[in-house]
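Raw contents of structure.cif, mmCIF, C-alpha atoms:
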```cif
data_upload
#
loop_
_atom_site.group_PDB
_atom_site.id
_atom_site.type_symbol
_atom_site.label_atom_id
_atom_site.label_comp_id
_atom_site.auth_asym_id
_atom_site.auth_seq_id
_atom_site.Cartn_x
_atom_site.Cartn_y
_atom_site.Cartn_z
ATOM 1 C CA MET A 1 -22.689 -76.131 130.497
ATOM 2 C CA ASN A 2 -23.340 -72.576 131.614
ATOM 3 C CA LEU A 3 -20.815 -71.337 129.103
ATOM 4 C CA LEU A 4 -22.576 -73.208 126.287
ATOM 5 C CA THR A 5 -25.975 -71.978 127.350
ATOM 6 C CA GLY A 6 -24.731 -68.406 127.545
ATOM 7 C CA LYS A 7 -23.339 -68.571 123.986
ATOM 8 C CA LEU A 8 -26.617 -70.048 122.744
ATOM 9 C CA TRP A 9 -28.580 -67.161 124.299
ATOM 10 C CA THR A 10 -26.300 -64.567 122.757
ATOM 11 C CA LEU A 11 -26.739 -66.236 119.372
ATOM 12 C CA LEU A 12 -30.547 -66.184 119.761
ATOM 13 C CA ASP A 13 -30.457 -62.525 120.754
ATOM 14 C CA ALA A 14 -28.436 -61.715 117.623
ATOM 15 C CA VAL A 15 -30.975 -63.547 115.468
ATOM 16 C CA ASN A 16 -33.895 -61.732 117.128
ATOM 17 C CA GLU A 17 -32.260 -58.366 116.557
ATOM 18 C CA ALA A 18 -31.761 -59.169 112.823
ATOM 19 C CA ALA A 19 -35.285 -60.523 112.359
ATOM 20 C CA PRO A 20 -37.157 -57.222 112.862
ATOM 21 C CA ALA A 21 -35.073 -55.602 110.130
ATOM 22 C CA VAL A 22 -36.175 -58.291 107.704
ATOM 23 C CA THR A 23 -39.799 -58.126 108.760
ATOM 24 C CA ASP A 24 -39.813 -54.329 108.556
ATOM 25 C CA ALA A 25 -38.725 -54.528 104.924
ATOM 26 C CA ALA A 26 -41.297 -57.208 104.242
ATOM 27 C CA LEU A 27 -44.084 -55.150 105.839
ATOM 28 C CA ASP A 28 -43.206 -51.971 103.928
ATOM 29 C CA PRO A 29 -46.125 -51.430 101.507
ATOM 30 C CA ALA A 30 -43.903 -49.797 98.887
ATOM 31 C CA ALA A 31 -41.495 -52.777 98.663
ATOM 32 C CA PRO A 32 -43.919 -55.258 96.984
ATOM 33 C CA ALA A 33 -45.165 -52.608 94.578
ATOM 34 C CA GLU A 34 -41.605 -51.808 93.525
ATOM 35 C CA ALA A 35 -40.786 -55.498 93.089
ATOM 36 C CA GLU A 36 -43.931 -56.009 91.019
ATOM 37 C CA ALA A 37 -43.151 -52.995 88.824
ATOM 38 C CA VAL A 38 -39.646 -54.318 88.185
ATOM 39 C CA ALA A 39 -41.033 -57.775 87.346
ATOM 40 C CA GLU A 40 -43.591 -56.291 84.913
ATOM 41 C CA ALA A 41 -40.981 -54.141 83.204
ATOM 42 C CA ALA A 42 -38.568 -57.050 82.831
ATOM 43 C CA SER A 43 -41.216 -59.474 81.583
ATOM 44 C CA PRO A 44 -41.348 -58.402 77.884
ATOM 45 C CA LEU A 45 -37.595 -58.062 77.746
ATOM 46 C CA ALA A 46 -37.121 -61.458 79.353
ATOM 47 C CA MET A 47 -39.547 -63.004 76.907
ATOM 48 C CA VAL A 48 -37.709 -61.471 73.943
ATOM 49 C CA ILE A 49 -34.385 -62.689 75.283
ATOM 50 C CA GLN A 50 -35.804 -66.212 75.559
ATOM 51 C CA VAL A 51 -37.260 -66.216 72.035
ATOM 52 C CA VAL A 52 -34.280 -64.710 70.164
ATOM 53 C CA PRO A 53 -32.027 -67.819 70.388
ATOM 54 C CA PHE A 54 -34.768 -70.007 68.907
ATOM 55 C CA LEU A 55 -35.255 -67.568 66.044
ATOM 56 C CA LEU A 56 -31.511 -67.529 65.376
ATOM 57 C CA ILE A 57 -31.412 -71.334 65.346
ATOM 58 C CA GLY A 58 -34.307 -71.354 62.865
ATOM 59 C CA VAL A 59 -32.561 -68.876 60.569
ATOM 60 C CA VAL A 60 -29.302 -70.842 60.675
ATOM 61 C CA LEU A 61 -31.111 -74.114 59.923
ATOM 62 C CA TYR A 62 -32.892 -72.515 56.991
ATOM 63 C CA PHE A 63 -29.717 -71.163 55.395
ATOM 64 C CA MET A 64 -27.572 -74.224 56.114
ATOM 65 C CA MET A 65 -30.008 -77.075 55.455
ATOM 66 C CA ILE A 66 -33.346 -76.191 53.902
ATOM 67 C CA ARG A 67 -32.315 -73.612 51.293
ATOM 68 C CA PRO A 68 -29.456 -75.677 49.764
ATOM 69 C CA GLN A 69 -31.708 -78.752 49.587
ATOM 70 C CA ARG A 70 -34.431 -76.792 47.793
ATOM 71 C CA LYS A 71 -31.850 -75.447 45.345
ATOM 72 C CA LYS A 72 -30.565 -78.965 44.668
ATOM 73 C CA ASP A 73 -34.124 -80.309 44.225
ATOM 74 C CA LYS A 74 -34.852 -77.547 41.705
ATOM 75 C CA GLN A 75 -31.713 -78.402 39.707
ATOM 76 C CA VAL A 76 -32.643 -82.110 39.637
ATOM 77 C CA LYS A 77 -36.210 -81.290 38.570
ATOM 78 C CA ASP A 78 -34.913 -79.058 35.761
ATOM 79 C CA MET A 79 -32.446 -81.760 34.658
ATOM 80 C CA LEU A 80 -35.168 -84.436 34.556
ATOM 81 C CA SER A 81 -37.606 -82.202 32.675
ATOM 82 C CA ASN A 82 -34.953 -81.319 30.057
ATOM 83 C CA LEU A 83 -34.058 -84.921 29.160
ATOM 84 C CA LYS A 84 -34.183 -85.644 25.428
ATOM 85 C CA VAL A 85 -33.464 -88.527 23.101
ATOM 86 C CA GLY A 86 -29.733 -89.017 22.624
ATOM 87 C CA ASP A 87 -28.686 -87.847 26.107
ATOM 88 C CA ARG A 88 -26.117 -89.992 27.910
ATOM 89 C CA VAL A 89 -27.434 -90.681 31.404
ATOM 90 C CA THR A 90 -26.409 -92.435 34.598
ATOM 91 C CA THR A 91 -29.108 -94.120 36.645
ATOM 92 C CA ILE A 92 -29.310 -94.194 40.416
ATOM 93 C CA GLY A 93 -28.253 -97.839 40.162
ATOM 94 C CA GLY A 94 -25.048 -96.849 38.366
ATOM 95 C CA MET A 95 -25.966 -97.965 34.852
ATOM 96 C CA HIS A 96 -24.769 -95.797 31.964
ATOM 97 C CA GLY A 97 -26.720 -95.559 28.750
ATOM 98 C CA THR A 98 -28.256 -93.441 26.040
ATOM 99 C CA VAL A 99 -31.872 -92.289 26.061
ATOM 100 C CA THR A 100 -33.611 -93.770 22.991
ATOM 101 C CA GLY A 101 -37.205 -92.938 23.856
ATOM 102 C CA ILE A 102 -39.305 -90.928 26.264
ATOM 103 C CA ARG A 103 -42.824 -91.874 27.346
ATOM 104 C CA ASP A 104 -44.440 -89.646 29.991
ATOM 105 C CA ASP A 105 -42.576 -90.532 33.195
ATOM 106 C CA ASN A 106 -40.617 -93.422 31.686
ATOM 107 C CA LEU A 107 -37.406 -93.417 29.659
ATOM 108 C CA VAL A 108 -36.128 -96.092 27.325
ATOM 109 C CA VAL A 109 -32.368 -96.312 27.798
ATOM 110 C CA ALA A 110 -30.024 -98.313 25.565
ATOM 111 C CA VAL A 111 -27.369 -99.973 27.729
ATOM 112 C CA GLY A 112 -24.373 -102.020 26.634
ATOM 113 C CA PRO A 113 -21.354 -101.929 24.345
ATOM 114 C CA GLY A 114 -21.339 -101.741 20.583
ATOM 115 C CA LYS A 115 -24.318 -102.600 18.437
ATOM 116 C CA ASP A 116 -25.729 -105.178 20.874
ATOM 117 C CA LYS A 117 -27.343 -102.652 23.161
ATOM 118 C CA ASN A 118 -30.176 -103.720 25.415
ATOM 119 C CA GLU A 119 -33.058 -101.349 25.829
ATOM 120 C CA MET A 120 -34.265 -100.914 29.377
ATOM 121 C CA VAL A 121 -37.156 -98.870 30.708
ATOM 122 C CA PHE A 122 -36.488 -96.592 33.682
ATOM 123 C CA ALA A 123 -38.674 -94.227 35.616
ATOM 124 C CA ARG A 124 -37.699 -90.618 35.052
ATOM 125 C CA TRP A 125 -36.880 -90.188 38.767
ATOM 126 C CA GLY A 126 -34.376 -93.077 38.456
ATOM 127 C CA ILE A 127 -31.935 -90.927 36.487
ATOM 128 C CA ARG A 128 -29.112 -89.531 38.610
ATOM 129 C CA SER A 129 -27.344 -87.350 36.071
ATOM 130 C CA VAL A 130 -26.944 -86.417 32.442
ATOM 131 C CA ASP A 131 -23.387 -87.053 31.258
ATOM 132 C CA GLU A 132 -22.063 -84.115 29.270
ATOM 133 C CA VAL A 133 -18.732 -85.768 28.437
ATOM 134 C CA SER A 134 -18.344 -87.219 24.949
ATOM 135 C CA ILE A 135 -16.042 -90.201 24.789
ATOM 136 C CA SER A 136 -14.475 -91.343 21.543
ATOM 137 C CA ASN A 137 -12.220 -94.251 20.718
ATOM 138 C CA ASP A 138 -11.352 -96.269 17.633
ATOM 139 C CA ALA A 139 -14.399 -98.542 17.842
ATOM 140 C CA GLU A 140 -17.227 -96.127 18.596
ATOM 141 C CA THR A 141 -18.027 -92.529 19.392
ATOM 142 C CA LEU A 142 -20.337 -91.982 22.342
ATOM 143 C CA VAL A 143 -22.200 -88.721 22.382
#
```

Using C-alpha cells, write down the structure that the file contains.
Amino acid sequence: MNLLTGKLWTLLDAVNEAAPAVTDAALDPAAPAEAEAVAEAASPLAMVIQVVPFLLIGVVLYFMMIRPQRKKDKQVKDMLSNLKVGDRVTTIGGMHGTVTGIRDDNLVVAVGPGKDKNEMVFARWGIRSVDEVSISNDAETLV
C-alpha cells in the first residue's frame, strides 16, 4: 500500500508542477487580446468561406435547371403563338390533327382519316408540338 500511495503522490506532484504553467499563460493579459485579435481577423474570412459553397450551388442550379427550363418555356410559348390554320399538330393527349380554326385561346383541330374528319376544340396550351413532316401516300397528302 505504501508503494501505491507513493506513486499517487508523485503523480499529484507532477500535476501540480504542470498546473502553474497553464495558469500563468491564462493569467497573461496579452494572451486573451492576441486570441481576440486572431478571432476578429478570421471572422470575415470564415464567413466568406461559409457563404461561397452556397453561392456556387446556386450558380450550378441556375445553369443546370432554371435556365434550360426558361429556354424551353420560351420555345413552347413562341410555338403556341405562331400556330396558324393548316398546321399539323400533336396534342398532349397524343392526338394528331390539322388546325382548321383559331379562336383566342382555343383551336379547332380536324382529327381522323380521309374526308370524315371530326372537328375537336382544344385549348391552345393543350398542343404539344407542331409537326413539320409532310406525309404523302396514294390516298391523301397530309401537309

Checklist entry - Evaluating the PyMOL selection byres ((chain A and resi 94) around 12) on the displayed file yields which residues, as number ranges by chain? => result A: 89-93, 95-97, 111, 126-129

Checklist entry - If you measure from CA of Glu119 (chain A) to CA of Val76 (chain A), what distance in Å do you get, rounded to one decimal? => result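 Between these atoms lies a distance of 23.7 Å.
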
Item to check | Residue nearest Asn106 (chain A) - candidates A:Arg124, A:Lys7, A:Lys72, A:Lys77, atoms counted: only C-alpha atoms | outcome: A:Arg124

Next on the checklist: Translate the PyMOL selection byres ((chain A and resi 108) around 12) into a concrete residue list for this structure, as a PyMOL selection string.
Outcome noted: chain A and resi 83-89+91+97-107+109-111+117-124+126-127

Checklist entry - What is the CA of Val48 (chain A)-CA of Leu61 (chain A) distance in Å, reported with one decimal? => result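 According to the coordinates, CA of Val48 (chain A) and CA of Leu61 (chain A) are separated by 20.0 Å.
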
Item to check | Nearest residue to Asp73 (chain A) from the set A:Thr10, A:Trp125, A:Met47, A:Gly58 (distances using only C-alpha atoms) | outcome: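 Looking at the shortest contact to Asp73 (chain A), the residue is A:Trp125.
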
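In this model, the gap between CA of Gly112 (chain A) and CA of Val130 (chain A) comes to 16.8 Å.
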
Complete the atom set of region 49-81 of chain A to N, CA and C atoms and return it as an mmCIF file, in the coordinates of the input.
```cif
data_model
loop_
_atom_site.group_PDB
_atom_site.id
_atom_site.type_symbol
_atom_site.label_atom_id
_atom_site.label_comp_id
_atom_site.auth_asym_id
_atom_site.auth_seq_id
_atom_site.Cartn_x
_atom_site.Cartn_y
_atom_site.Cartn_z
ATOM 1 N N ILE A 49 -35.695 -62.050 75.126
ATOM 2 C CA ILE A 49 -34.385 -62.689 75.283
ATOM 3 C C ILE A 49 -34.512 -64.202 75.184
ATOM 4 N N GLN A 50 -35.603 -64.769 75.639
ATOM 5 C CA GLN A 50 -35.804 -66.212 75.559
ATOM 6 C C GLN A 50 -36.150 -66.662 74.145
ATOM 7 N N VAL A 51 -36.814 -65.831 73.370
ATOM 8 C CA VAL A 51 -37.260 -66.216 72.035
ATOM 9 C C VAL A 51 -36.161 -66.023 70.982
ATOM 10 N N VAL A 52 -35.307 -65.039 71.161
ATOM 11 C CA VAL A 52 -34.280 -64.710 70.164
ATOM 12 C C VAL A 52 -33.377 -65.897 69.822
ATOM 13 N N PRO A 53 -32.876 -66.678 70.775
ATOM 14 C CA PRO A 53 -32.027 -67.819 70.388
ATOM 15 C C PRO A 53 -32.745 -68.827 69.496
ATOM 16 N N PHE A 54 -34.021 -69.067 69.753
ATOM 17 C CA PHE A 54 -34.768 -70.007 68.907
ATOM 18 C C PHE A 54 -34.934 -69.464 67.493
ATOM 19 N N LEU A 55 -35.160 -68.172 67.375
ATOM 20 C CA LEU A 55 -35.255 -67.568 66.044
ATOM 21 C C LEU A 55 -33.922 -67.661 65.306
ATOM 22 N N LEU A 56 -32.831 -67.420 66.001
ATOM 23 C CA LEU A 56 -31.511 -67.529 65.376
ATOM 24 C C LEU A 56 -31.225 -68.959 64.927
ATOM 25 N N ILE A 57 -31.599 -69.934 65.733
ATOM 26 C CA ILE A 57 -31.412 -71.334 65.346
ATOM 27 C C ILE A 57 -32.234 -71.645 64.100
ATOM 28 N N GLY A 58 -33.464 -71.143 64.044
ATOM 29 C CA GLY A 58 -34.307 -71.354 62.865
ATOM 30 C C GLY A 58 -33.708 -70.751 61.610
ATOM 31 N N VAL A 59 -33.174 -69.542 61.724
ATOM 32 C CA VAL A 59 -32.561 -68.876 60.569
ATOM 33 C C VAL A 59 -31.327 -69.652 60.101
ATOM 34 N N VAL A 60 -30.507 -70.079 61.036
ATOM 35 C CA VAL A 60 -29.302 -70.842 60.675
ATOM 36 C C VAL A 60 -29.683 -72.162 60.004
ATOM 37 N N LEU A 61 -30.668 -72.857 60.541
ATOM 38 C CA LEU A 61 -31.111 -74.114 59.923
ATOM 39 C C LEU A 61 -31.630 -73.879 58.510
ATOM 40 N N TYR A 62 -32.364 -72.797 58.316
ATOM 41 C CA TYR A 62 -32.892 -72.515 56.991
ATOM 42 C C TYR A 62 -31.761 -72.314 55.992
ATOM 43 N N PHE A 63 -30.783 -71.474 56.341
ATOM 44 C CA PHE A 63 -29.717 -71.163 55.395
ATOM 45 C C PHE A 63 -28.691 -72.283 55.243
ATOM 46 N N MET A 64 -28.573 -73.165 56.216
ATOM 47 C CA MET A 64 -27.572 -74.224 56.114
ATOM 48 C C MET A 64 -28.149 -75.555 55.647
ATOM 49 N N MET A 65 -29.450 -75.776 55.811
ATOM 50 C CA MET A 65 -30.008 -77.075 55.455
ATOM 51 C C MET A 65 -31.150 -76.984 54.445
ATOM 52 N N ILE A 66 -32.131 -76.189 54.710
ATOM 53 C CA ILE A 66 -33.346 -76.191 53.902
ATOM 54 C C ILE A 66 -33.117 -75.519 52.555
ATOM 55 N N ARG A 67 -32.514 -74.349 52.553
ATOM 56 C CA ARG A 67 -32.315 -73.612 51.293
ATOM 57 C C ARG A 67 -31.424 -74.370 50.308
ATOM 58 N N PRO A 68 -30.269 -74.917 50.723
ATOM 59 C CA PRO A 68 -29.456 -75.677 49.764
ATOM 60 C C PRO A 68 -30.182 -76.911 49.219
ATOM 61 N N GLN A 69 -30.979 -77.577 50.066
ATOM 62 C CA GLN A 69 -31.708 -78.752 49.587
ATOM 63 C C GLN A 69 -32.761 -78.358 48.563
ATOM 64 N N ARG A 70 -33.445 -77.262 48.776
ATOM 65 C CA ARG A 70 -34.431 -76.792 47.793
ATOM 66 C C ARG A 70 -33.760 -76.427 46.468
ATOM 67 N N LYS A 71 -32.587 -75.811 46.550
ATOM 68 C CA LYS A 71 -31.850 -75.447 45.345
ATOM 69 C C LYS A 71 -31.435 -76.700 44.572
ATOM 70 N N LYS A 72 -30.971 -77.709 45.304
ATOM 71 C CA LYS A 72 -30.565 -78.965 44.668
ATOM 72 C C LYS A 72 -31.778 -79.667 44.042
ATOM 73 N N ASP A 73 -32.903 -79.687 44.757
ATOM 74 C CA ASP A 73 -34.124 -80.309 44.225
ATOM 75 C C ASP A 73 -34.577 -79.611 42.944
ATOM 76 N N LYS A 74 -34.462 -78.294 42.905
ATOM 77 C CA LYS A 74 -34.852 -77.547 41.705
ATOM 78 C C LYS A 74 -33.947 -77.908 40.526
ATOM 79 N N GLN A 75 -32.641 -78.035 40.771
ATOM 80 C CA GLN A 75 -31.713 -78.402 39.707
ATOM 81 C C GLN A 75 -32.020 -79.804 39.167
ATOM 82 N N VAL A 76 -32.317 -80.743 40.066
ATOM 83 C CA VAL A 76 -32.643 -82.110 39.637
ATOM 84 C C VAL A 76 -33.933 -82.117 38.837
ATOM 85 N N LYS A 77 -34.933 -81.362 39.293
ATOM 86 C CA LYS A 77 -36.210 -81.290 38.570
ATOM 87 C C LYS A 77 -36.004 -80.711 37.174
ATOM 88 N N ASP A 78 -35.201 -79.651 37.070
ATOM 89 C CA ASP A 78 -34.913 -79.058 35.761
ATOM 90 C C ASP A 78 -34.177 -80.050 34.865
ATOM 91 N N MET A 79 -33.206 -80.781 35.428
ATOM 92 C CA MET A 79 -32.446 -81.760 34.658
ATOM 93 C C MET A 79 -33.365 -82.862 34.126
ATOM 94 N N LEU A 80 -34.266 -83.361 34.981
ATOM 95 C CA LEU A 80 -35.168 -84.436 34.556
ATOM 96 C C LEU A 80 -36.189 -83.947 33.527
ATOM 97 N N SER A 81 -36.625 -82.706 33.634
ATOM 98 C CA SER A 81 -37.606 -82.202 32.675
ATOM 99 C C SER A 81 -36.961 -81.875 31.324
#
```
